[in-house]
$ cat coords_32.cif   # mmCIF, C-alpha atoms
data_structure
loop_
_atom_site.label_atom_id
_atom_site.label_comp_id
_atom_site.auth_asym_id
_atom_site.auth_seq_id
_atom_site.Cartn_x
_atom_site.Cartn_y
_atom_site.Cartn_z
CA MET A 290 26.98 3.87 4.50
CA LYS A 291 28.72 7.20 3.85
CA LYS A 292 26.29 9.71 2.32
CA LYS A 293 27.01 11.28 -1.04
CA PRO A 294 27.91 15.02 -0.90
CA PHE A 295 24.91 17.31 -1.25
CA LEU A 296 25.85 18.53 -4.74
CA LEU A 297 26.30 14.98 -6.03
CA ARG A 298 22.99 13.90 -4.54
CA HIS A 299 21.28 16.98 -6.00
CA CYS A 300 22.66 16.25 -9.47
CA TYR A 301 21.72 12.59 -9.21
CA ALA A 302 18.13 13.44 -8.28
CA SER A 303 17.89 16.09 -11.03
CA LEU A 304 19.14 13.71 -13.70
CA LEU A 305 16.80 10.96 -12.55
CA LEU A 306 13.86 13.37 -12.45
CA ALA A 307 14.59 14.49 -16.02
CA SER A 308 14.69 10.91 -17.25
CA LEU A 309 11.44 10.05 -15.44
CA ILE A 310 9.64 13.07 -16.92
CA PHE A 311 10.82 12.08 -20.39
CA ALA A 312 9.72 8.47 -19.87
CA THR A 313 6.28 9.31 -18.56
CA SER A 314 5.57 11.79 -21.37
CA CYS A 315 5.34 8.85 -23.81
CA THR A 316 2.15 6.78 -23.83
CA ARG A 317 2.78 3.37 -22.26
CA HIS A 318 6.55 3.72 -22.50
CA VAL A 319 8.55 3.25 -19.33
CA THR A 320 12.17 3.38 -18.28
CA PRO A 321 13.93 -0.01 -18.60
CA ALA A 322 14.49 -1.77 -15.29
CA PRO A 323 17.95 -1.54 -13.75
CA ALA A 324 20.01 -4.71 -13.97
CA ASP A 325 19.60 -5.60 -10.31
CA PRO A 326 17.64 -3.24 -8.04
CA ALA A 327 18.25 -5.56 -5.08
CA VAL A 328 21.95 -4.66 -4.90
CA ALA A 329 21.39 -0.88 -5.03
CA ALA A 330 22.13 0.93 -1.76
CA ALA A 331 19.06 1.67 0.33
CA SER A 332 19.90 5.38 0.44
CA ASP A 333 20.01 5.52 -3.36
CA GLU A 334 16.68 3.71 -3.56
CA GLU A 335 15.03 6.25 -1.27
CA LEU A 336 16.67 9.16 -3.10
CA ALA A 337 15.49 7.90 -6.48
CA THR A 338 11.98 7.18 -5.24
CA ASN A 339 11.61 10.61 -3.67
CA ALA A 340 12.94 12.24 -6.86
CA ALA A 341 10.24 10.34 -8.75
CA ALA A 342 7.69 12.02 -6.49
CA ALA A 343 8.35 15.25 -8.40
CA ALA A 344 7.78 13.74 -11.86
CA ALA A 345 4.78 14.45 -14.05
CA PRO A 346 1.71 12.45 -12.96
CA TYR A 347 0.63 9.50 -15.07
CA HIS A 348 -1.75 6.56 -14.96
CA ASN A 349 -1.92 3.83 -17.60
CA THR A 350 -4.29 0.88 -17.65
CA MET A 351 -4.92 -2.22 -19.73
CA VAL A 352 -6.75 -5.54 -19.46
CA LEU A 353 -4.00 -8.03 -18.65
CA PHE A 354 -5.94 -11.24 -18.02
CA ASN A 355 -8.92 -11.14 -20.38
CA GLY A 356 -11.75 -13.49 -19.48
CA GLY A 357 -12.87 -15.60 -22.41
CA SER A 358 -9.41 -15.65 -23.99
CA GLU A 359 -6.28 -17.80 -23.84
CA GLY A 360 -8.26 -20.88 -22.86
CA TYR A 361 -10.07 -19.64 -19.75
CA HIS A 362 -13.60 -18.43 -19.09
CA SER A 363 -12.49 -16.15 -16.26
CA TYR A 364 -9.48 -14.87 -14.35
CA ARG A 365 -9.65 -13.93 -10.69
CA ILE A 366 -7.58 -13.58 -7.48
CA PRO A 367 -4.50 -11.56 -8.58
CA SER A 368 -0.98 -11.48 -7.16
CA ILE A 369 1.96 -9.44 -8.45
CA VAL A 370 5.64 -9.18 -7.44
CA ARG A 371 8.80 -7.59 -8.81
CA ALA A 372 11.82 -9.86 -9.18
CA ASN A 373 15.33 -8.69 -8.32
CA SER A 374 15.95 -8.07 -12.02
CA GLY A 375 12.98 -5.71 -12.19
CA THR A 376 10.77 -8.19 -14.01
CA LEU A 377 7.12 -8.01 -13.01
CA ILE A 378 5.29 -11.31 -12.59
CA ALA A 379 1.50 -11.26 -12.41
CA PHE A 380 -0.43 -14.32 -11.23
CA ALA A 381 -4.10 -15.24 -11.32
CA GLU A 382 -6.50 -18.10 -11.03
CA GLY A 383 -7.46 -19.28 -14.51
CA ARG A 384 -11.00 -20.60 -14.24
CA MET A 385 -11.66 -23.01 -17.06
CA ALA A 386 -15.42 -23.40 -17.39
CA ASP A 387 -17.06 -20.53 -15.48
CA ASN A 388 -16.40 -17.78 -12.95
CA LYS A 389 -17.08 -19.85 -9.82
CA ASP A 390 -14.61 -20.28 -6.95
CA TYR A 391 -14.42 -24.05 -7.40
CA GLY A 392 -14.09 -26.63 -10.14
CA ASN A 393 -11.27 -26.82 -12.67
CA ILE A 394 -8.98 -23.91 -11.79
CA ASN A 395 -5.28 -23.49 -12.65
CA LEU A 396 -2.65 -20.99 -11.52
CA VAL A 397 -1.40 -18.92 -14.44
CA PHE A 398 0.99 -16.02 -14.92
CA LYS A 399 2.34 -13.35 -17.25
CA ARG A 400 5.71 -11.56 -17.15
CA SER A 401 6.86 -8.07 -18.08
CA THR A 402 10.53 -7.14 -18.53
CA ASN A 403 9.85 -3.46 -19.24
CA ASN A 404 7.99 -2.28 -16.13
CA GLY A 405 4.56 -3.26 -17.38
CA SER A 406 4.66 -1.73 -20.85
CA THR A 407 4.24 -5.12 -22.56
CA TRP A 408 3.57 -8.62 -21.25
CA SER A 409 4.34 -12.20 -22.18
CA ALA A 410 1.80 -14.73 -23.36
CA LEU A 411 -0.04 -16.68 -20.67
CA GLY A 412 2.02 -19.27 -18.80
CA GLU A 413 0.96 -21.92 -16.31
CA VAL A 414 2.47 -22.53 -12.88
CA VAL A 415 0.32 -25.58 -12.25
CA GLY A 416 -2.81 -27.13 -13.71
CA VAL A 417 -2.52 -30.81 -12.89
CA GLY A 418 -5.88 -32.59 -12.83
CA PRO A 419 -9.40 -31.12 -12.60
CA GLY A 420 -8.97 -29.74 -9.07
CA THR A 421 -8.88 -26.19 -7.74
CA TRP A 422 -5.43 -24.57 -7.59
CA GLY A 423 -5.99 -21.16 -6.07
CA ASN A 424 -5.16 -18.28 -3.75
CA PRO A 425 -1.79 -17.33 -5.27
CA THR A 426 0.40 -15.57 -2.70
CA ALA A 427 3.87 -14.62 -3.92
CA VAL A 428 6.98 -13.24 -2.25
CA VAL A 429 10.50 -12.52 -3.51
CA ASP A 430 13.55 -13.40 -1.42
CA ARG A 431 15.78 -10.37 -2.11
CA ASN A 432 18.81 -12.23 -0.77
CA THR A 433 18.60 -15.30 -3.01
CA GLY A 434 16.43 -14.00 -5.85
CA ARG A 435 14.05 -16.95 -5.52
CA ILE A 436 10.37 -16.21 -6.10
CA TRP A 437 8.07 -18.22 -3.85
CA LEU A 438 4.47 -18.86 -4.81
CA TRP A 439 2.14 -20.28 -2.16
CA MET A 440 -1.26 -21.69 -3.06
CA SER A 441 -4.22 -23.71 -1.82
CA TRP A 442 -5.65 -26.85 -3.44
CA ASN A 443 -8.77 -28.97 -3.18
CA SER A 444 -10.36 -31.71 -5.24
CA GLY A 445 -12.51 -30.76 -8.21
CA THR A 446 -15.46 -32.50 -6.54
CA THR A 447 -15.43 -30.37 -3.37
CA ASN A 448 -16.02 -26.76 -2.38
CA GLN A 449 -16.21 -24.73 0.81
CA GLY A 450 -19.93 -25.02 1.48
CA GLY A 451 -20.98 -28.17 -0.36
CA THR A 452 -23.09 -26.20 -2.84
CA ASP A 453 -24.04 -26.94 -6.47
CA GLY A 454 -23.77 -30.70 -5.96
CA TYR A 455 -20.20 -30.59 -4.62
CA ASP A 456 -19.08 -32.30 -1.44
CA PRO A 457 -18.27 -29.92 1.44
CA ILE A 458 -14.69 -29.44 2.62
CA ASP A 459 -15.22 -30.43 6.24
CA THR A 460 -12.21 -32.58 7.12
CA TRP A 461 -8.60 -31.71 7.88
CA GLY A 462 -6.42 -32.20 4.78
CA GLU A 463 -9.12 -31.89 2.14
CA ARG A 464 -7.92 -28.35 1.54
CA LYS A 465 -4.15 -28.53 1.12
CA VAL A 466 -1.17 -26.15 1.34
CA TYR A 467 1.27 -26.12 -1.60
CA VAL A 468 4.29 -24.08 -2.59
CA SER A 469 6.20 -23.64 -5.85
CA TRP A 470 9.20 -21.46 -6.70
CA SER A 471 11.18 -20.03 -9.57
CA ASP A 472 14.90 -19.26 -9.81
CA ASP A 473 14.79 -17.74 -13.30
CA ASP A 474 12.53 -14.69 -12.88
CA GLY A 475 9.36 -16.71 -13.33
CA VAL A 476 10.19 -18.30 -16.67
CA THR A 477 9.88 -21.81 -15.19
CA TRP A 478 8.31 -23.11 -11.99
CA ALA A 479 9.05 -26.05 -9.73
CA THR A 480 6.41 -28.74 -9.34
CA PRO A 481 4.37 -27.64 -6.29
CA VAL A 482 5.32 -29.34 -3.02
CA ASP A 483 2.64 -30.42 -0.56
CA LYS A 484 3.30 -28.76 2.83
CA THR A 485 -0.05 -29.67 4.40
CA SER A 486 1.32 -32.05 7.02
CA SER A 487 3.50 -29.39 8.65
CA LEU A 488 1.68 -26.13 7.88
CA LEU A 489 -2.05 -26.87 8.19
CA PRO A 490 -2.89 -26.67 11.91
CA PRO A 491 -4.84 -29.50 13.52
CA GLY A 492 -8.59 -29.03 13.32
CA PHE A 493 -8.51 -26.80 10.24
CA ALA A 494 -10.88 -27.87 7.46
CA TRP A 495 -11.37 -24.87 5.17
CA ASP A 496 -8.13 -22.97 4.62
CA ALA A 497 -6.62 -20.34 2.34
CA MET A 498 -3.30 -18.72 1.58
CA GLY A 499 -3.40 -14.91 1.37
CA PRO A 500 -4.22 -14.28 -1.38
CA GLY A 501 -2.00 -11.52 -2.76
CA ALA A 502 1.54 -10.93 -1.56
CA GLY A 503 3.86 -12.06 1.20
CA LEU A 504 6.59 -10.08 2.93
CA GLN A 505 10.33 -10.15 3.47
CA THR A 506 11.29 -8.20 6.57
CA SER A 507 13.90 -5.44 6.51
CA ASN A 508 14.02 -4.24 10.11
CA ALA A 509 13.44 -6.80 12.87
CA HIS A 510 14.75 -10.24 11.87
CA ALA A 511 15.82 -8.91 8.48
CA GLY A 512 15.38 -11.41 5.67
CA ARG A 513 12.51 -13.35 7.26
CA LEU A 514 9.89 -14.48 4.74
CA ILE A 515 6.25 -14.26 5.84
CA ILE A 516 3.11 -15.49 4.09
CA PRO A 517 -0.18 -14.26 5.58
CA ALA A 518 -2.71 -17.08 5.68
CA ASN A 519 -6.00 -18.07 7.24
CA ARG A 520 -5.69 -17.59 11.04
CA ARG A 521 -1.89 -17.72 10.93
CA ASN A 522 1.38 -16.45 9.51
CA ILE A 523 3.65 -18.92 7.71
CA TYR A 524 7.30 -17.92 7.93
CA SER A 525 10.90 -18.95 7.25
CA ASP A 526 14.12 -17.72 8.84
CA ASP A 527 16.43 -19.70 6.54
CA HIS A 528 15.36 -18.52 3.07
CA GLY A 529 12.80 -21.26 2.63
CA VAL A 530 14.80 -24.29 3.76
CA THR A 531 12.25 -24.77 6.55
CA TRP A 532 8.85 -23.21 7.23
CA GLN A 533 6.81 -22.80 10.41
CA TYR A 534 3.52 -21.16 11.30
CA GLN A 535 2.28 -18.84 14.03
CA LEU A 536 -1.41 -18.68 14.95
CA VAL A 537 -3.07 -15.25 15.15
CA PRO A 538 -6.41 -14.26 16.72
CA ASN A 539 -9.39 -15.75 14.87
CA GLY A 540 -12.24 -13.97 13.13
CA SER A 541 -10.81 -12.27 10.05
CA GLY A 542 -9.97 -13.58 6.59
CA GLU A 543 -7.96 -12.88 3.43
CA PRO A 544 -5.11 -11.08 5.21
CA THR A 545 -2.48 -8.59 4.18
CA ILE A 546 0.72 -8.04 6.13
CA ILE A 547 3.28 -5.25 6.25
CA GLU A 548 6.32 -4.42 8.37
CA LEU A 549 6.34 -1.09 10.18
CA MET A 550 9.57 0.86 10.50
CA ASP A 551 10.09 -0.21 14.12
CA GLY A 552 9.89 -3.88 13.10
CA THR A 553 6.29 -4.40 14.25
CA LEU A 554 4.14 -6.45 11.88
CA MET A 555 0.65 -5.23 10.96
CA ARG A 556 -2.14 -7.42 9.59
CA ASN A 557 -4.87 -5.57 7.68
CA ASP A 558 -7.58 -8.17 7.03
CA ARG A 559 -10.94 -8.64 5.40
CA PRO A 560 -13.59 -8.86 8.11
CA GLY A 561 -15.15 -12.19 8.91
CA THR A 562 -18.93 -12.47 9.09
CA ALA A 563 -19.21 -11.59 12.79
CA GLN A 564 -16.68 -8.77 12.45
CA PHE A 565 -18.55 -7.37 9.45
CA GLU A 566 -21.77 -7.20 11.45
CA THR A 567 -19.88 -5.27 14.12
CA ALA A 568 -18.09 -2.85 11.79
CA LYS A 569 -17.95 -2.82 8.00
CA ARG A 570 -14.29 -1.90 8.04
CA ARG A 571 -10.84 -3.39 7.60
CA TRP A 572 -9.74 -5.15 10.79
CA ILE A 573 -6.24 -4.48 12.12
CA SER A 574 -3.88 -6.45 14.36
CA LYS A 575 -0.26 -5.70 15.26
CA GLY A 576 2.46 -7.83 16.76
CA SER A 577 5.43 -10.04 16.02
CA ILE A 578 6.27 -13.65 15.27
CA GLU A 579 7.98 -13.99 18.65
CA ASN A 580 5.37 -12.32 20.87
CA GLY A 581 2.09 -12.84 19.05
CA PHE A 582 -0.54 -10.45 17.74
CA SER A 583 -3.15 -8.26 19.39
CA ALA A 584 -6.87 -8.87 19.03
CA PHE A 585 -8.24 -7.53 15.76
CA ALA A 586 -10.02 -4.17 15.88
CA PRO A 587 -11.81 -2.22 13.13
CA HIS A 588 -10.14 0.76 11.50
CA ASP A 589 -12.37 3.83 11.61
CA VAL A 590 -11.62 5.02 8.04
CA LEU A 591 -10.94 1.93 5.92
CA LEU A 592 -14.33 0.82 4.60
CA ASP A 593 -14.72 -2.76 3.40
CA PRO A 594 -17.51 -4.72 1.67
CA LYS A 595 -16.09 -8.13 2.73
CA CYS A 596 -13.41 -8.15 0.04
CA GLU A 597 -9.68 -8.78 -0.19
CA GLY A 598 -7.42 -5.71 -0.30
CA SER A 599 -3.73 -5.01 -0.88
CA VAL A 600 -1.00 -3.09 0.94
CA LEU A 601 2.43 -1.86 -0.18
CA ARG A 602 5.36 -0.17 1.53
CA TYR A 603 6.37 2.55 -0.97
CA THR A 604 9.07 4.35 1.04
CA GLY A 605 10.56 4.21 4.50
CA GLU A 606 11.92 7.75 4.72
CA PRO A 607 9.56 9.47 4.61
CA SER A 608 7.18 6.70 5.56
CA ARG A 609 4.60 6.03 2.84
CA ILE A 610 2.31 2.99 2.89
CA PHE A 611 -0.27 2.45 0.14
CA PHE A 612 -3.55 0.60 0.59
CA LEU A 613 -5.98 -0.39 -2.18
CA ASN A 614 -9.49 -1.83 -1.87
CA PRO A 615 -13.15 -1.12 -2.68
CA ALA A 616 -13.97 1.97 -0.60
CA SER A 617 -17.49 0.74 0.08
CA THR A 618 -19.48 -1.19 2.64
CA GLU A 619 -21.85 -2.68 0.07
CA ARG A 620 -20.29 -3.51 -3.31
CA ARG A 621 -16.93 -4.46 -4.79
CA CYS A 622 -16.38 -1.26 -6.73
CA LYS A 623 -15.31 2.34 -5.94
CA MET A 624 -11.64 1.24 -5.85
CA ARG A 625 -9.45 3.73 -4.00
CA ILE A 626 -5.69 3.96 -3.43
CA ARG A 627 -4.80 5.54 -0.08
CA VAL A 628 -1.56 6.88 1.40
CA SER A 629 -0.51 6.74 5.06
CA TYR A 630 2.42 8.75 6.44
CA ASP A 631 2.17 7.53 10.04
CA GLU A 632 2.52 3.76 9.63
CA GLY A 633 -1.12 3.02 8.88
CA VAL A 634 -2.75 5.06 11.65
CA THR A 635 -4.34 7.66 9.33
CA TRP A 636 -4.84 7.79 5.56
CA PRO A 637 -5.10 11.49 4.69
CA ILE A 638 -4.65 11.29 0.90
CA SER A 639 -6.49 9.05 -1.54
CA ARG A 640 -7.62 8.85 -5.15
CA ARG A 641 -10.11 6.69 -7.02
CA THR A 642 -8.38 4.32 -9.44
CA HIS A 643 -11.12 4.69 -12.06
CA ASP A 644 -11.61 8.42 -11.62
CA TRP A 645 -12.78 8.97 -15.19
CA LEU A 646 -15.99 7.25 -14.00
CA THR A 647 -18.32 8.20 -11.18
CA ASP A 648 -18.47 5.88 -8.18
CA GLU A 649 -21.82 4.52 -9.35
CA GLN A 650 -20.46 3.94 -12.86
CA THR A 651 -17.62 1.84 -11.45
CA CYS A 652 -20.27 -0.32 -9.77
CA ASP A 653 -22.47 -0.51 -12.87
CA GLN A 654 -19.48 -1.41 -15.05
CA GLY A 655 -17.98 -3.95 -12.62
CA LYS A 656 -14.75 -2.05 -12.03
CA GLY A 657 -13.33 -3.40 -8.81
CA GLY A 658 -12.75 -6.37 -6.55
CA TYR A 659 -9.61 -8.15 -5.40
CA SER A 660 -6.27 -6.44 -5.99
CA SER A 661 -2.50 -6.74 -5.62
CA MET A 662 0.31 -4.18 -5.82
CA ALA A 663 4.06 -4.09 -6.43
CA LYS A 664 6.55 -1.24 -6.63
CA THR A 665 8.03 -1.18 -10.11
CA ALA A 666 11.71 -0.75 -10.90
CA ASP A 667 11.00 2.78 -12.18
CA TYR A 668 9.45 3.80 -8.84
CA ALA A 669 5.79 3.61 -9.82
CA VAL A 670 3.06 1.25 -8.64
CA GLY A 671 1.86 -1.72 -10.66
CA ALA A 672 -1.61 -2.77 -9.50
CA LEU A 673 -3.81 -5.66 -10.56
CA ILE A 674 -7.56 -5.01 -10.14
CA GLU A 675 -10.42 -7.40 -10.87
CA ILE A 676 -13.31 -6.46 -13.17
CA ASN A 677 -16.68 -8.06 -13.87
CA GLU A 678 -17.45 -7.76 -17.57
CA ASP A 679 -21.23 -8.03 -17.25
CA VAL A 680 -22.73 -7.18 -13.86
CA SER A 681 -26.22 -7.84 -15.19
CA ASN A 682 -25.33 -11.53 -15.57
CA ASN A 683 -23.13 -12.28 -12.58
CA ALA A 684 -23.58 -16.04 -12.76
CA THR A 685 -22.19 -16.35 -16.29
CA SER A 686 -20.16 -13.18 -16.91
CA HIS A 687 -16.48 -13.32 -17.79
CA ARG A 688 -14.18 -12.02 -15.05
CA SER A 689 -10.96 -10.26 -16.03
CA ILE A 690 -8.04 -8.47 -14.37
CA GLU A 691 -6.75 -5.02 -15.27
CA PHE A 692 -3.16 -3.83 -14.87
CA HIS A 693 -2.85 -0.24 -13.67
CA LYS A 694 0.41 1.65 -13.50
CA PHE A 695 0.51 5.01 -11.75
CA ASN A 696 3.05 7.13 -9.93
CA LEU A 697 2.94 9.03 -6.65
CA PRO A 698 2.20 12.43 -8.27
CA TRP A 699 -0.89 10.90 -9.90
CA ILE A 700 -2.11 9.62 -6.51
CA LEU A 701 -1.49 13.01 -4.89
CA ASN A 702 -3.40 14.82 -7.65
CA GLY A 703 -2.01 18.17 -6.52
CA ALA A 704 -2.35 17.53 -2.78
CA THR A 705 0.52 18.51 -0.50
CA GLU A 706 2.12 15.70 1.45
CA PRO A 707 2.36 16.24 5.23
#
$ encode --input "coords_32.cif" --output "structure tokens"
Amino acid sequence: MKKKPFLLRHCYASLLLASLIFATSCTRHVTPAPADPAVAAASDEELATNAAAAAAPYHNTMVLFNGGSEGYHSYRIPSIVRANSGTLIAFAEGRMADNKDYGNINLVFKRSTNNGSTWSALGEVVGVGPGTWGNPTAVVDRNTGRIWLWMSWNSGTTNQGGTDGYDPIDTWGERKVYVSWSDDDGVTWATPVDKTSSLLPPGFAWDAMGPGAGLQTSNAHAGRLIIPANRRNIYSDDHGVTWQYQLVPNGSGEPTIIELMDGTLMRNDRPGTAQFETAKRRWISKGSIENGFSAFAPHDVLLDPKCEGSVLRYTGEPSRIFFLNPASTERRCKMRIRVSYDEGVTWPISRRTHDWLTDEQTCDQGKGGYSSMAKTADYAVGALIEINEDVSNNATSHRSIEFHKFNLPWILNGATEP
């Protein structure tokens, strides 16, 4: 694409910067989403995003899924995506009776058409029967606009370990793979389709999608849809007409996936039990769908307390990747957003997401857990973060999910980018 003349690009960035500063100076007021960010030229997207890097720092937060309200005891396991229109769609498990990982659990959602300033009432993707619908993992096809939502299901009488009087999930097919989709920005959702027969490998008993977010590639095999899942990647090269899976090395769990600028794929996973005993870190593997993935190895900096995390490509030029998780080896608190400028090798800049509290206060107040991130249409980050409302009564406490919105200058907090 022919580049705009320097003066035109300078004026464009200056005007955008002025509008962003004005928008962020107002409490919880954000710039309306463009009509269709997906059709904007990539160069303009990078220019606008980098102009936003010079805006005034801001960070807003609210409780989005409030445990004990809207018909559910607790909300856990977040996923968030941005539709082509700019609409944000946040998903969660709605746990009917308690905060446990099993029992009567539905997949619910809320939508925002103004970059996270306000949100819709609670909607339901699926809640058929008393079973467990969980592990929401969403991805947007930028070519078609369809929003895919992958999920796991099991009977309401079973759970992973056979605890609390439930039957154990110990047979292939007891834990199923489902997918739903929306073609109207998440207003309505298709009845979930059972994909177990083709996408659950032989011999698998326990299984899980993500949770969190999938990926659409931009470099190698542009347009490919990838869903990270337990011990495999599920993918489509025809915009969801057909789906296949690729096995990856065993040992880790609750994966994230991101595409590096050279087309390499990188998994950044929660450690499995044996891995955690070796190194209480995030475990990394790189590779491709065609040629497989390397053995997982621990990252020296990324601490992990055996908890899901989230990753987001913010810009390609310059390269910025964000990673969010509990920066701890012991407890699901001390949430920290990190920035990498060398494709995930090092993470030189970071900031605590609840920095008005001390690290210990975030633990005492239950601030932290699973997370999910999306880049908003006004070039900020929308992040969902779990909270425990009463850490002194873990067995019965309501679990909720906060929505945080912050921009790059807030993350940098005065630091100079390399």
$ resolve_selection --input "coords_32.cif" --expression "the PyMOL selection byres ((chain A and resi 356-363) around 7)" --output "ChimeraX atom specification"
/A:354-355,364-365,383-388,687-689
$ residues_around --input "coords_32.cif" --residues "Thr426 (chain A)" --least-positions-apart "6" --cutoff "7 Å" --atoms "all atoms listed in the file" --output "list in words"
Ser368, Leu438, Trp439, Met440, Met498, Gly499, Pro500, Gly501, Ala502 and Gly503 of chain A
$ residues_around --input "coords_32.cif" --residues "region 653-669 of chain A" --least-positions-apart "6" --cutoff "7 Å" --atoms "only C-alpha atoms" --output "VMD selection string"
chain A and resid 320 322 to 323 338 341 366 to 371 375 404 501 596 to 601 603 614 to 615 621 to 624 675 to 680 694 to 697
$ closest_residue --input "coords_32.cif" --among "A:Ala479, A:Trp699, A:Gly671, A:Asn393" --to "Ser406 (chain A)" --atoms "only C-alpha atoms"
A:Gly671
$ closest_residue --input "coords_32.cif" --among "A:Ser629, A:Asn448, A:Thr460, A:Ser441" --to "Asn395 (chain A)" --atoms "only C-alpha atoms"
A:Ser441
$ closest_residue --input "coords_32.cif" --among "A:Val415, A:Leu592, A:Leu336, A:Ile436" --to "Asp473 (chain A)" --atoms "all atoms listed in the file"
A:Ile436
$ resolve_selection --input "coords_32.cif" --expression "the PyMOL selection byres ((chain A and resi 580) around 12)" --output "list in words"
Gln535, Leu536, Val537, Thr553, Leu554, Lys575, Gly576, Ser577, Ile578, Glu579, Gly581, Phe582 and Ser583 of chain A
$ residues_around --input "coords_32.cif" --residues "Pro490 (chain A)" --least-positions-apart "5" --cutoff "10 Å" --atoms "all atoms listed in the file" --output "JSON, numbers by chain"
{"A": [461, 462, 485, 496, 520, 521, 534, 535, 536]}
$ closest_residue --input "coords_32.cif" --among "A:Asn424, A:Gln505, A:Ile626, A:Gly703" --to "Pro544 (chain A)" --atoms "all atoms listed in the file"
A:Asn424
$ axis_aligned_box --input "coords_32.cif" --around "region 574-587 of chain A" --padding-each-side "5 Å" --output "AutoDock Vina command-line options"
--center_x -1.9 --center_y -8.1 --center_z 17.0 --size_x 29.8 --size_y 21.8 --size_z 17.7
$ residues_around --input "coords_32.cif" --residues "Pro607 (chain A)" --least-positions-apart "4" --cutoff "9 Å" --atoms "only C-alpha atoms" --output "VMD selection string"
chain A and resid 335 339 630
$ closest_residue --input "coords_32.cif" --among "A:Ala509, A:Ala586, A:Asn702, A:Asn443" --to "Arg641 (chain A)" --atoms "only C-alpha atoms"
A:Asn702
$ atom_distance --input "coords_32.cif" --atom1 "CA of Ile690 (chain A)" --atom2 "CA of Arg400 (chain A)"
14.4 Å
$ atom_distance --input "coords_32.cif" --atom1 "CA of His528 (chain A)" --atom2 "CA of Thr480 (chain A)"
18.4 Å
$ residues_near_point --input "coords_32.cif" --point "(-14.2, -4.1, 3.5)" --cutoff "10 Å" --atoms "only C-alpha atoms" --output "PyMOL selection string"
chain A and resi 558-561+565+568-572+591-598+614-621
$ decode --input "coords_32.cif" --residues "region 519-531 of chain A" --atoms "N, CA and C atoms" --output "PDB file, in the first residue's frame"
ATOM      1  N   ASN A 519      -6.564 -28.355  25.370  1.00  0.00           N
ATOM      2  CA  ASN A 519      -5.791 -29.319  26.135  1.00  0.00           C
ATOM      3  C   ASN A 519      -5.001 -30.250  25.214  1.00  0.00           C
ATOM      4  N   ARG A 520      -3.669 -30.139  25.260  1.00  0.00           N
ATOM      5  CA  ARG A 520      -2.736 -31.010  24.532  1.00  0.00           C
ATOM      6  C   ARG A 520      -2.875 -30.924  23.013  1.00  0.00           C
ATOM      7  N   ARG A 521      -3.480 -29.853  22.514  1.00  0.00           N
ATOM      8  CA  ARG A 521      -3.637 -29.741  21.060  1.00  0.00           C
ATOM      9  C   ARG A 521      -4.044 -28.322  20.670  1.00  0.00           C
ATOM     10  N   ASN A 522      -3.940 -28.051  19.372  1.00  0.00           N
ATOM     11  CA  ASN A 522      -4.497 -26.855  18.762  1.00  0.00           C
ATOM     12  C   ASN A 522      -5.591 -27.280  17.799  1.00  0.00           C
ATOM     13  N   ILE A 523      -6.768 -26.680  17.917  1.00  0.00           N
ATOM     14  CA  ILE A 523      -7.859 -26.908  16.979  1.00  0.00           C
ATOM     15  C   ILE A 523      -7.825 -25.771  15.960  1.00  0.00           C
ATOM     16  N   TYR A 524      -7.931 -26.084  14.673  1.00  0.00           N
ATOM     17  CA  TYR A 524      -7.752 -25.025  13.680  1.00  0.00           C
ATOM     18  C   TYR A 524      -8.641 -25.249  12.461  1.00  0.00           C
ATOM     19  N   SER A 525      -8.848 -24.151  11.728  1.00  0.00           N
ATOM     20  CA  SER A 525      -9.619 -24.183  10.479  1.00  0.00           C
ATOM     21  C   SER A 525      -8.930 -23.301   9.447  1.00  0.00           C
ATOM     22  N   ASP A 526      -8.819 -23.815   8.225  1.00  0.00           N
ATOM     23  CA  ASP A 526      -8.266 -23.048   7.113  1.00  0.00           C
ATOM     24  C   ASP A 526      -9.331 -22.594   6.123  1.00  0.00           C
ATOM     25  N   ASP A 527     -10.610 -22.819   6.460  1.00  0.00           N
ATOM     26  CA  ASP A 527     -11.696 -22.435   5.547  1.00  0.00           C
ATOM     27  C   ASP A 527     -12.797 -21.681   6.281  1.00  0.00           C
ATOM     28  N   HIS A 528     -12.369 -20.837   7.239  1.00  0.00           N
ATOM     29  CA  HIS A 528     -13.283 -19.955   7.975  1.00  0.00           C
ATOM     30  C   HIS A 528     -14.365 -20.734   8.720  1.00  0.00           C
ATOM     31  N   GLY A 529     -13.988 -21.902   9.230  1.00  0.00           N
ATOM     32  CA  GLY A 529     -14.891 -22.639  10.090  1.00  0.00           C
ATOM     33  C   GLY A 529     -15.778 -23.645   9.401  1.00  0.00           C
ATOM     34  N   VAL A 530     -15.618 -23.830   8.082  1.00  0.00           N
ATOM     35  CA  VAL A 530     -16.401 -24.865   7.401  1.00  0.00           C
ATOM     36  C   VAL A 530     -15.980 -26.233   7.924  1.00  0.00           C
ATOM     37  N   THR A 531     -14.676 -26.445   8.075  1.00  0.00           N
ATOM     38  CA  THR A 531     -14.154 -27.678   8.650  1.00  0.00           C
ATOM     39  C   THR A 531     -13.117 -27.330   9.708  1.00  0.00           C
TER      40      THR A 531
END
